[in-house]
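**Q** Hey, dropping start_23.tsv in here, TSV, C-alpha atoms and all ligand atoms:
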```tsv
chain	number	residue	atom	x	y	z
A	1	MET	CA	0.00	0.00	0.00
A	2	LEU	CA	1.26	3.48	-0.85
A	3	THR	CA	1.85	5.50	2.29
A	4	LEU	CA	3.94	8.29	3.84
A	5	ALA	CA	7.06	7.92	5.98
A	6	VAL	CA	6.88	9.93	9.21
A	7	PRO	CA	9.56	12.66	8.93
A	8	LYS	CA	12.56	12.22	11.25
A	9	GLU	CA	11.17	8.93	12.61
A	10	PRO	CA	12.91	6.10	10.74
A	11	GLY	CA	10.75	3.00	10.36
A	12	TRP	CA	7.46	4.78	11.06
A	13	TYR	CA	4.75	5.12	8.41
A	14	LEU	CA	1.23	6.48	8.39
A	15	LYS	CA	-1.19	3.55	8.75
A	16	PRO	CA	-4.91	3.39	7.88
A	17	SER	CA	-5.54	2.40	11.52
A	18	THR	CA	-3.96	5.71	12.61
A	19	ILE	CA	-6.50	7.56	10.47
A	20	LEU	CA	-9.28	5.41	11.96
A	21	GLU	CA	-8.09	6.07	15.50
A	22	SER	CA	-7.76	9.82	14.86
A	23	ARG	CA	-11.44	9.86	13.90
A	24	ALA	CA	-12.24	8.21	17.23
A	25	LEU	CA	-10.37	11.05	18.96
A	26	ILE	CA	-12.23	13.70	16.91
A	27	HIS	CA	-15.55	12.01	17.73
A	28	SER	CA	-14.70	12.01	21.44
A	29	LEU	CA	-13.79	15.72	21.37
A	30	ARG	CA	-17.05	16.54	19.54
A	31	TRP	CA	-19.07	14.41	21.98
A	32	ILE	CA	-17.53	16.39	24.86
A	33	LEU	CA	-18.38	19.70	23.11
A	34	TYR	CA	-21.92	18.46	22.45
A	35	ASN	CA	-22.43	17.52	26.08
A	36	LEU	CA	-21.16	20.93	27.14
A	37	GLY	CA	-23.68	22.55	24.77
A	38	HIS	CA	-21.18	23.83	22.20
A	39	THR	CA	-21.99	22.51	18.76
A	40	SER	CA	-21.89	24.19	15.38
A	41	ASN	CA	-25.69	23.82	15.20
A	42	LEU	CA	-26.08	26.62	17.71
A	43	GLU	CA	-26.27	30.17	16.41
A	44	VAL	CA	-24.49	31.65	19.39
A	45	VAL	CA	-21.87	29.89	21.41
A	46	ARG	CA	-19.89	31.51	24.15
A	47	ASP	CA	-16.15	31.34	23.95
A	48	GLY	CA	-14.49	30.06	27.06
A	49	PRO	CA	-10.93	29.01	27.79
A	50	ASP	CA	-12.13	26.51	30.42
A	51	ILE	CA	-14.02	24.42	27.91
A	52	LYS	CA	-11.06	24.26	25.58
A	53	GLU	CA	-8.80	23.28	28.46
A	54	GLU	CA	-11.16	20.35	29.12
A	55	LEU	CA	-10.62	19.24	25.52
A	56	VAL	CA	-6.84	19.66	25.78
A	57	LEU	CA	-6.90	17.71	29.06
A	58	PHE	CA	-8.68	14.84	27.28
A	59	LEU	CA	-6.27	15.05	24.34
A	60	ASN	CA	-3.17	15.02	26.52
A	61	SER	CA	-4.51	12.24	28.75
A	62	PHE	CA	-4.70	9.81	25.84
A	63	TYR	CA	-2.93	11.27	22.80
A	64	SER	CA	0.02	13.35	24.02
A	65	PRO	CA	3.26	12.69	22.07
A	66	GLU	CA	4.64	10.74	25.07
A	67	ARG	CA	1.63	8.40	25.05
A	68	VAL	CA	1.22	7.62	21.36
A	69	SER	CA	3.48	6.36	18.58
A	70	PRO	CA	5.07	8.94	16.21
A	71	ASP	CA	2.56	8.28	13.39
A	72	TYR	CA	-0.32	9.45	15.64
A	73	SER	CA	1.39	12.71	16.60
A	74	PHE	CA	2.41	13.25	12.98
A	75	LEU	CA	-1.17	12.93	11.71
A	76	LEU	CA	-2.68	15.16	14.41
A	77	ASN	CA	-0.03	17.82	13.78
A	78	LEU	CA	-0.64	17.53	10.03
A	79	PHE	CA	-4.27	18.53	10.67
A	80	ALA	CA	-3.10	21.39	12.92
A	81	HIS	CA	-0.87	22.66	10.09
A	82	ILE	CA	-3.91	23.15	7.84
A	83	TRP	CA	-4.75	26.07	10.15
A	84	GLU	CA	-1.07	27.02	10.54
A	85	GLU	CA	-0.72	25.71	14.07
A	86	ASN	CA	2.20	23.48	15.01
A	87	THR	CA	0.39	21.08	17.37
A	88	PHE	CA	-3.16	19.78	17.70
A	89	ALA	CA	-3.36	21.09	21.29
A	90	ASN	CA	-2.53	24.59	19.98
A	91	LEU	CA	-5.18	24.24	17.28
A	92	ILE	CA	-7.79	23.60	20.00
A	93	ARG	CA	-6.48	26.40	22.22
A	94	ARG	CA	-6.30	29.06	19.49
A	95	MET	CA	-9.33	28.25	17.33
A	96	PRO	CA	-12.28	30.40	18.48
A	97	LEU	CA	-14.82	28.10	20.14
A	98	PRO	CA	-17.66	28.95	17.73
A	99	ASN	CA	-15.53	27.54	14.87
A	100	LEU	CA	-13.94	24.64	16.68
A	101	ASP	CA	-16.77	22.14	16.17
A	102	SER	CA	-16.86	22.87	12.41
A	103	VAL	CA	-13.09	22.46	12.20
A	104	LEU	CA	-13.30	19.08	13.96
A	105	MET	CA	-16.18	18.04	11.69
A	106	PHE	CA	-14.15	18.79	8.57
A	107	ILE	CA	-11.13	16.85	9.92
A	108	ASP	CA	-13.52	13.96	10.60
A	109	GLY	CA	-14.76	14.31	7.00
A	110	LEU	CA	-11.23	14.28	5.53
A	111	CYS	CA	-10.51	11.03	7.40
A	112	TRP	CA	-13.89	9.58	6.36
A	113	TYR	CA	-13.14	10.39	2.72
A	114	SER	CA	-9.72	8.74	3.00
A	115	LEU	CA	-11.08	5.53	4.52
A	116	GLN	CA	-13.50	4.89	1.61
A	117	ALA	CA	-10.54	3.27	-0.18
A	118	PRO	CA	-11.68	-0.08	-1.58
A	119	PRO	CA	-9.38	-3.07	-2.16
A	120	PRO	CA	-7.04	-2.54	-5.16
A	121	ALA	CA	-8.87	-2.95	-8.48
A	122	ASP	CA	-7.43	-3.71	-11.91
A	123	ASP	CA	-9.34	-0.87	-13.53
A	124	SER	CA	-8.45	1.93	-11.10
A	125	SER	CA	-5.39	3.81	-9.97
A	126	PRO	CA	-3.47	2.22	-7.04
A	127	TRP	CA	-3.81	5.65	-5.44
A	128	ASN	CA	-7.54	5.08	-5.07
A	129	ALA	CA	-6.88	2.03	-2.89
A	130	SER	CA	-4.59	3.88	-0.48
A	131	PRO	CA	-6.31	5.68	2.42
A	132	VAL	CA	-3.11	7.69	2.97
A	133	VAL	CA	-2.90	8.97	-0.62
A	134	ARG	CA	-6.63	9.77	-0.54
A	135	LEU	CA	-6.11	11.72	2.69
A	136	VAL	CA	-3.24	13.77	1.25
A	137	ILE	CA	-5.25	14.64	-1.87
A	138	ALA	CA	-8.33	15.51	0.21
A	139	ILE	CA	-6.23	17.81	2.43
A	140	LYS	CA	-4.78	19.55	-0.67
A	141	CYS	CA	-8.30	20.17	-2.01
A	142	PHE	CA	-9.52	21.32	1.40
A	143	GLU	CA	-6.64	23.79	1.72
A	144	GLY	CA	-7.64	25.16	-1.69
A	145	LEU	CA	-11.18	25.71	-0.40
A	146	LEU	CA	-9.87	27.47	2.72
A	147	GLU	CA	-7.69	29.77	0.60
A	148	GLU	CA	-10.65	30.62	-1.62
A	149	LEU	CA	-12.81	31.40	1.42
A	150	SER	CA	-10.11	33.50	3.04
A	151	GLU	CA	-9.63	35.55	-0.16
A	152	LYS	CA	-13.36	36.31	-0.05
A	153	GLY	CA	-13.15	37.02	3.69
A	154	LYS	CA	-15.51	34.14	4.47
A	155	LYS	CA	-15.40	31.44	7.14
A	156	LEU	CA	-15.94	27.71	6.80
A	157	PRO	CA	-19.51	27.21	5.60
A	158	ARG	CA	-22.02	25.29	7.62
A	159	THR	CA	-22.77	23.05	4.67
A	160	PRO	CA	-22.93	19.43	5.73
A	161	VAL	CA	-19.51	17.81	5.49
A	162	ALA	CA	-21.05	14.96	3.43
A	163	GLN	CA	-21.92	17.54	0.73
A	164	PHE	CA	-18.33	18.83	0.75
A	165	LEU	CA	-17.07	15.25	0.26
A	166	THR	CA	-19.57	14.57	-2.54
A	167	ASP	CA	-18.34	17.72	-4.31
A	168	LEU	CA	-14.77	16.56	-3.71
A	169	ASP	CA	-15.45	13.52	-5.93
A	170	GLN	CA	-15.72	15.94	-8.88
A	171	HIS	CA	-12.64	18.02	-7.94
A	172	PRO	CA	-10.07	18.21	-10.82
A	173	LEU	CA	-7.23	17.06	-8.52
A	174	VAL	CA	-9.28	14.00	-7.44
A	175	GLU	CA	-10.17	13.08	-11.03
A	176	LYS	CA	-6.62	13.72	-12.29
A	177	ASN	CA	-5.22	11.27	-9.74
A	178	GLY	CA	-7.68	8.51	-10.60
A	179	LEU	CA	-9.68	8.53	-7.36
A	180	LEU	CA	-13.17	7.13	-7.90
A	181	THR	CA	-16.54	8.36	-6.69
A	182	VAL	CA	-17.98	7.07	-3.44
A	183	GLU	CA	-20.66	5.09	-5.31
A	184	ARG	CA	-18.07	3.29	-7.39
A	185	ASN	CA	-15.85	2.57	-4.38
A	186	LEU	CA	-18.73	1.22	-2.30
A	187	GLU	CA	-19.96	-0.95	-5.18
A	188	TYR	CA	-16.48	-2.29	-5.75
A	189	ALA	CA	-15.91	-3.04	-2.05
A	190	LEU	CA	-19.28	-4.83	-1.98
A	191	GLU	CA	-18.42	-6.89	-5.03
A	192	LYS	CA	-15.10	-7.95	-3.43
A	193	LEU	CA	-16.75	-8.78	-0.10
A	194	ARG	CA	-19.43	-10.95	-1.74
A	195	TRP	CA	-16.70	-12.76	-3.64
A	196	ALA	CA	-14.64	-13.30	-0.47
A	197	GLN	CA	-17.73	-14.60	1.37
A	198	GLU	CA	-18.36	-17.20	-1.35
A	199	VAL	CA	-14.71	-18.29	-1.49
A	200	ASN	CA	-14.66	-18.62	2.30
A	201	LYS	CA	-17.78	-20.81	2.21
A	202	SER	CA	-16.51	-23.10	-0.51
A	203	GLU	CA	-12.78	-23.24	0.25
A	204	ASN	CA	-12.34	-22.76	4.01
A	205	ARG	CA	-12.57	-26.28	5.40
A	206	HIS	CA	-11.95	-25.31	9.02
A	207	GLY	CA	-15.51	-25.27	10.39
A	208	ALA	CA	-15.11	-22.71	13.20
A	209	MET	CA	-12.92	-20.35	11.14
A	210	MET	CA	-15.30	-20.56	8.18
A	211	ARG	CA	-18.29	-19.58	10.36
A	212	HIS	CA	-16.30	-16.74	11.96
A	213	PHE	CA	-15.29	-15.15	8.65
A	214	ASP	CA	-18.77	-15.73	7.24
A	215	TYR	CA	-20.15	-13.66	10.11
A	216	ILE	CA	-17.54	-10.90	9.64
A	217	PHE	CA	-18.33	-10.68	5.91
A	218	GLU	CA	-22.07	-10.61	6.67
A	219	VAL	CA	-21.59	-7.58	8.98
A	220	GLN	CA	-19.42	-5.73	6.45
A	221	ILE	CA	-21.73	-6.48	3.51
A	222	ARG	CA	-24.82	-5.27	5.37
A	223	GLN	CA	-23.13	-2.03	6.44
A	224	ILE	CA	-21.94	-1.22	2.93
A	225	GLU	CA	-25.28	-2.20	1.34
A	226	ASN	CA	-27.01	0.23	3.71
A	227	ARG	CA	-24.59	3.00	2.78
A	228	LEU	CA	-24.98	2.64	-1.00
A	229	PRO	CA	-27.93	5.05	-1.43
A	230	ASP	CA	-26.41	7.75	0.79
A	231	GLY	CA	-22.75	7.85	-0.25
A	232	TYR	CA	-20.67	9.77	2.28
A	233	ASN	CA	-23.70	10.65	4.36
A	234	SER	CA	-23.68	8.27	7.32
A	235	HIS	CA	-24.90	8.73	10.89
A	236	GLN	CA	-22.40	6.18	12.13
A	237	GLY	CA	-19.57	7.44	9.90
A	238	MET	CA	-19.92	11.11	10.75
A	239	PRO	CA	-22.28	11.41	13.72
A	240	GLN	CA	-23.81	14.85	14.31
A	241	ASP	CA	-22.99	14.79	18.00
A	242	GLY	CA	-19.72	12.88	17.68
A	243	ASN	CA	-21.18	9.69	19.15
A	244	PRO	CA	-21.51	6.92	16.55
A	245	MET	CA	-23.60	4.82	18.94
A	246	SER	CA	-26.28	7.41	19.63
A	247	ARG	CA	-27.95	6.87	16.25
A	248	ILE	CA	-28.20	3.10	16.31
A	249	SER	CA	-31.92	2.35	16.14
A	250	ASP	CA	-31.90	-0.87	14.19
A	251	ASN	CA	-31.75	-4.14	16.15
A	252	LYS	CA	-29.47	-5.83	13.68
A	253	ASP	CA	-27.08	-2.87	13.66
A	254	ALA	CA	-27.04	-2.99	17.44
A	255	LYS	CA	-26.17	-6.68	17.32
A	256	HIS	CA	-23.55	-6.15	14.62
A	257	LEU	CA	-21.91	-2.95	15.83
A	258	LEU	CA	-22.09	-3.14	19.61
A	259	MET	CA	-19.88	-6.24	19.70
A	260	GLU	CA	-22.44	-8.69	21.04
A	261	TYR	CA	-20.81	-11.36	18.91
A	262	ILE	CA	-18.34	-13.57	20.73
A	263	PRO	CA	-16.11	-15.71	18.51
A	264	SER	CA	-15.76	-19.38	19.40
A	265	GLU	CA	-12.95	-20.63	21.62
A	266	ASP	CA	-11.19	-22.09	18.57
A	267	VAL	CA	-11.17	-18.76	16.74
A	268	VAL	CA	-9.98	-16.83	19.80
A	269	SER	CA	-7.13	-19.29	20.33
A	270	TRP	CA	-6.06	-19.03	16.65
A	271	PHE	CA	-5.80	-15.25	16.76
A	272	ALA	CA	-3.94	-15.39	20.09
A	273	PHE	CA	-1.48	-17.94	18.65
A	274	ARG	CA	-1.01	-15.97	15.42
A	275	GLU	CA	-0.36	-12.73	17.30
A	276	LYS	CA	2.25	-14.34	19.55
A	277	LEU	CA	3.85	-16.26	16.70
A	278	LEU	CA	4.25	-13.19	14.48
A	279	PHE	CA	4.74	-10.33	16.91
A	280	GLY	CA	5.50	-11.80	20.33
A	281	PHE	CA	7.44	-14.60	21.92
A	282	LEU	CA	6.55	-18.29	22.18
A	283	ASN	CA	8.69	-21.06	23.62
A	284	ARG	CA	9.39	-24.17	21.58
A	285	THR	CA	6.70	-26.30	23.26
A	286	ASP	CA	4.00	-23.69	22.57
A	287	VAL	CA	5.13	-23.28	18.97
A	288	GLU	CA	4.95	-27.05	18.45
A	289	ALA	CA	1.58	-27.34	20.17
A	290	GLY	CA	0.19	-24.45	18.11
A	291	LEU	CA	1.52	-25.76	14.83
A	292	ARG	CA	0.11	-29.23	15.62
A	293	LYS	CA	-3.29	-27.77	16.53
A	294	TRP	CA	-3.54	-25.42	13.56
A	295	PHE	CA	-1.50	-26.94	10.77
A	296	SER	CA	-1.82	-30.71	11.17
A	297	THR	CA	-4.07	-32.40	8.65
A	298	TYR	CA	-6.26	-35.46	8.33
A	299	GLU	CA	-5.42	-37.79	5.52
A	300	GLY	CA	-7.71	-40.45	4.11
A	301	LEU	CA	-8.35	-42.68	1.11
A	302	ILE	CA	-11.60	-42.96	-0.78
A	303	ILE	CA	-12.63	-45.74	-3.11
A	304	CYS	CA	-15.11	-44.10	-5.45
A	305	ASP	CA	-18.02	-45.92	-7.19
A	306	CYS	CA	-16.14	-45.22	-10.46
A	307	GLU	CA	-13.42	-47.50	-9.04
A	308	HIS	CA	-10.95	-44.62	-8.82
A	309	ILE	CA	-9.01	-44.56	-5.53
A	310	PHE	CA	-7.84	-41.20	-4.34
A	311	SER	CA	-6.39	-39.63	-1.21
A	312	PHE	CA	-7.43	-36.39	0.41
A	313	THR	CA	-6.16	-34.13	3.17
A	314	LEU	CA	-8.23	-31.90	5.42
A	315	PRO	CA	-7.23	-29.38	8.09
A	316	SER	CA	-7.56	-30.63	11.67
A	317	GLY	CA	-10.49	-28.24	12.21
A	318	ALA	CA	-12.60	-29.89	9.51
A	319	GLU	CA	-16.00	-31.05	10.74
A	320	PRO	CA	-18.26	-33.99	9.79
A	321	GLY	CA	-20.12	-33.28	6.57
A	322	VAL	CA	-17.17	-31.72	4.75
A	323	GLN	CA	-17.00	-32.92	1.14
A	324	VAL	CA	-14.19	-34.02	-1.16
A	325	THR	CA	-14.49	-34.44	-4.93
A	326	CYS	CA	-13.35	-37.43	-6.99
A	327	ILE	CA	-10.96	-36.11	-9.62
A	328	ASN	CA	-12.00	-38.91	-12.01
A	329	CYS	CA	-15.82	-38.56	-12.07
A	330	SER	CA	-16.43	-35.40	-9.98
A	331	THR	CA	-18.72	-37.22	-7.52
A	332	ARG	CA	-18.74	-35.43	-4.18
A	333	HIS	CA	-18.16	-37.62	-1.11
A	334	ASP	CA	-19.21	-36.71	2.42
A	335	VAL	CA	-16.28	-37.27	4.73
A	336	ASP	CA	-16.20	-37.62	8.48
A	337	PRO	CA	-12.73	-36.43	9.57
A	338	ARG	CA	-13.02	-38.71	12.62
A	339	ASP	CA	-12.66	-41.68	10.27
A	340	ALA	CA	-9.47	-40.24	8.82
A	341	ARG	CA	-5.93	-40.57	10.11
A	342	ILE	CA	-4.21	-37.51	11.62
A	343	ILE	CA	-0.67	-36.87	10.32
B	1	ZN	ZN	-15.14	-41.26	-8.96
```
Could you render the structure as structure tokens?
Ligand SMILES: [Zn+2]
**A**
Amino acid sequence: MLTLAVPKEPGWYLKPSTILESRALIHSLRWILYNLGHTSNLEVVRDGPDIKEELVLFLNSFYSPERVSPDYSFLLNLFAHIWEENTFANLIRRMPLPNLDSVLMFIDGLCWYSLQAPPPADDSSPWNASPVVRLVIAIKCFEGLLEELSEKGKKLPRTPVAQFLTDLDQHPLVEKNGLLTVERNLEYALEKLRWAQEVNKSENRHGAMMRHFDYIFEVQIRQIENRLPDGYNSHQGMPQDGNPMSRISDNKDAKHLLMEYIPSEDVVSWFAFREKLLFGFLNRTDVEAGLRKWFSTYEGLIICDCEHIFSFTLPSGAEPGVQVTCINCSTRHDVDPRDARII
């Protein structure tokens, strides 16, 4: 994926998860403002240093440079630089309170635009598939808008951010760099997800893992299907009050988005093993036990009615009812892994 190196921090790059997490921070700051009665929906809001200090206190408690990795500080400071401030805390302190909520909303929107990147497609620019490239281009366009407004002596409009993002799809810089419209990106992501769901069902022979990924794809497909008619406009994506949970009114959304789902023991243990194997430390016994549990296979022989004899292998997590196909006559045979030999 195309990304940006963090200046003066060798080995650090801007990650899509950093953009995602920065939105969570922006949402939290807006939720605090909303609860204190200071939103951009109000005609008159009082300025007050105390309120802004509350926001800075929250910011520094969780996102000060000492607490987060360099890519987080880099991204937050990048947003501050749009308004010619050197740190995000200074942006909060110096931005007049009546404008602060709008400023946060637009930062939220820039991140939301960037994260609409679908998986790489053959027929589109690789730039379209990179949230980081999309963010940089969106910031360039947004700076252009700010310059235009400042030349006319105007402030940020109160137009909904979703409208700004929809207009952005037609911006010459966006088109020139091969970024696609939100409709096209959502449709493409949906197409890829439906494909992945089918492949998982037909090819993933580990019962518990297959059901887990089937569920994950079901959640993602439903969310994107629901978003198709509205493009960038999303209550959960860019909540009016900063709280993505306050607008959940649908029972299925509640089930899907409020984490009621608990993966099976098998799935939890796979992800724990994978994490430790790749990024942590495991002693030899644990490595062997994990590899045996996850990578051993069942092997068996089948004598088909066509008189062809063939062998098959299945992962150790295969469950009764899994099928294998005779390569001679294409008959499908139900197999019970318990009848097979583990190797
Ligand atoms: Zn056969």
**Q** How would you write, as a list of chain:residue names, the set of residues no farther than 10 Å from ligand ZN 1 (chain B) when counting all atoms listed in the file?
**A**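 So the residues close to ligand ZN 1 (chain B) are A:Ile302, A:Ile303, A:Cys304, A:Asp305, A:Cys306, A:Glu307, A:His308, A:Ile309, A:Phe310, A:Thr325, A:Cys326, A:Ile327, A:Asn328, A:Cys329, A:Ser330, A:Thr331, A:Arg332, A:His333.
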**Q** How close does each residue of range 21-93 of chain A get to range 104-116 of chain A, giving the shortest atom pair and distance in Å to one decimal for every residue with an atom at most 9 Å away, counting only C-alpha atoms, sorted by chain and residue number, as CSV?
**A**
```
residue,atom,partner,partner_atom,distance
A:Ser22,CA,A:Cys111,CA,8.0
A:Arg23,CA,A:Asp108,CA,5.7
A:Ala24,CA,A:Asp108,CA,8.9
A:Ile26,CA,A:Leu104,CA,6.2
A:His27,CA,A:Asp108,CA,7.7
A:Leu29,CA,A:Leu104,CA,8.2
A:Arg30,CA,A:Leu104,CA,7.2
A:Phe79,CA,A:Ile107,CA,7.1
```
**Q** Just checking: using only C-alpha atoms, which residue out of A:Glu198, A:Leu257, A:Pro263, A:Gln163 ends up closest to His212 in chain A?
**A**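 Of A:Glu198, A:Leu257, A:Pro263, A:Gln163, the one nearest His212 in chain A, counting only C-alpha atoms, is A:Pro263.
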**Q** Rounded to one decimal in Å, what is the spacing between CA of Met95 in chain A and CA of Leu135 in chain A?
**A**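 Atom-to-atom, CA of Met95 in chain A to CA of Leu135 in chain A, that is 22.3 Å.
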**Q** Separation of CA of Asp250 in chain A and CA of Gln223 in chain A, in Å?
**A**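 Computing the Euclidean distance for CA of Asp250 in chain A and CA of Gln223 in chain A yields 11.8 Å.
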**Q** Of the residues A:Tyr72, A:Gly207, A:Trp270, A:Gln323, which is the one nearest to Leu59 in chain A, using only C-alpha atoms?
**A**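 The answer is A:Tyr72, which sits nearest to Leu59 in chain A.
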**Q** Which residue gives the smallest distance to Pro70 in chain A among A:Leu100, A:Leu14, A:Arg93, A:Ser125, with all atoms listed in the file counted?
**A**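 Selected residue with least distance to Pro70 in chain A: A:Leu14.
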**Q** Have a look at CA of Asn200 in chain A and CA of Ile262 in chain A and let me know their distance in Å, one decimal.
**A**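 So the two atoms, CA of Asn200 in chain A and CA of Ile262 in chain A, lie 19.5 Å apart.
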**Q** Of the candidates A:Thr18, A:Ser311, A:Asn226, A:Asn204, which one gets nearest to Glu187 in chain A if we count all atoms listed in the file?
**A** A:Asn226
**Q** Any idea what's packed within 12 Å of Phe217 in chain A, counting only C-alpha atoms, ignoring anything in its chain fewer than 2 positions away? Could you give it as a short mmCIF file (atom, residue, chain, number, x, y, z; two decimals) with C-alpha atoms, in the frame of the given file?
**A**
```cif
data_model
loop_
_atom_site.label_atom_id
_atom_site.label_comp_id
_atom_site.auth_asym_id
_atom_site.auth_seq_id
_atom_site.Cartn_x
_atom_site.Cartn_y
_atom_site.Cartn_z
CA ALA A 189 -15.91 -3.04 -2.05
CA LEU A 190 -19.28 -4.83 -1.98
CA GLU A 191 -18.42 -6.89 -5.03
CA LYS A 192 -15.10 -7.95 -3.43
CA LEU A 193 -16.75 -8.78 -0.10
CA ARG A 194 -19.43 -10.95 -1.74
CA TRP A 195 -16.70 -12.76 -3.64
CA ALA A 196 -14.64 -13.30 -0.47
CA GLN A 197 -17.73 -14.60 1.37
CA GLU A 198 -18.36 -17.20 -1.35
CA VAL A 199 -14.71 -18.29 -1.49
CA ASN A 200 -14.66 -18.62 2.30
CA LYS A 201 -17.78 -20.81 2.21
CA MET A 210 -15.30 -20.56 8.18
CA ARG A 211 -18.29 -19.58 10.36
CA HIS A 212 -16.30 -16.74 11.96
CA PHE A 213 -15.29 -15.15 8.65
CA ASP A 214 -18.77 -15.73 7.24
CA TYR A 215 -20.15 -13.66 10.11
CA VAL A 219 -21.59 -7.58 8.98
CA GLN A 220 -19.42 -5.73 6.45
CA ILE A 221 -21.73 -6.48 3.51
CA ARG A 222 -24.82 -5.27 5.37
CA GLN A 223 -23.13 -2.03 6.44
CA ILE A 224 -21.94 -1.22 2.93
CA GLU A 225 -25.28 -2.20 1.34
CA HIS A 256 -23.55 -6.15 14.62
#
```
**Q** Quick one: everything within 12 Å of Glu175 in chain A, counting all atoms listed in the file, minus sequence neighbours fewer than 2 positions away in the same chain. Send it as a ChimeraX atom specification.
**A** /A:124-125,127-128,134,137-138,141,167-173,177-181
**Q** Give me, as a PDB file with C-alpha atoms, in the frame of the given file, all polymer residues having an atom no more than 8 Å from Tyr232 in chain A, counting all atoms listed in the file and skipping those fewer than 4 positions away in the same chain.
**A**
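Generated output (result21.pdb):
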```
ATOM      1  CA  TRP A 112     -13.890   9.580   6.360  1.00  0.00           C
ATOM      2  CA  TYR A 113     -13.140  10.390   2.720  1.00  0.00           C
ATOM      3  CA  ALA A 162     -21.050  14.960   3.430  1.00  0.00           C
ATOM      4  CA  LEU A 165     -17.070  15.250   0.260  1.00  0.00           C
ATOM      5  CA  THR A 166     -19.570  14.570  -2.540  1.00  0.00           C
ATOM      6  CA  VAL A 182     -17.980   7.070  -3.440  1.00  0.00           C
ATOM      7  CA  ARG A 227     -24.590   3.000   2.780  1.00  0.00           C
TER       8      ARG A 227
END
```
**Q** Looking at A:Leu75, A:Leu228, A:Ile32, A:Ile51, which one is nearest to Leu20 in chain A, with distances taken over all atoms listed in the file?
**A**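 Smallest separation from Leu20 in chain A among the options: A:Leu75.
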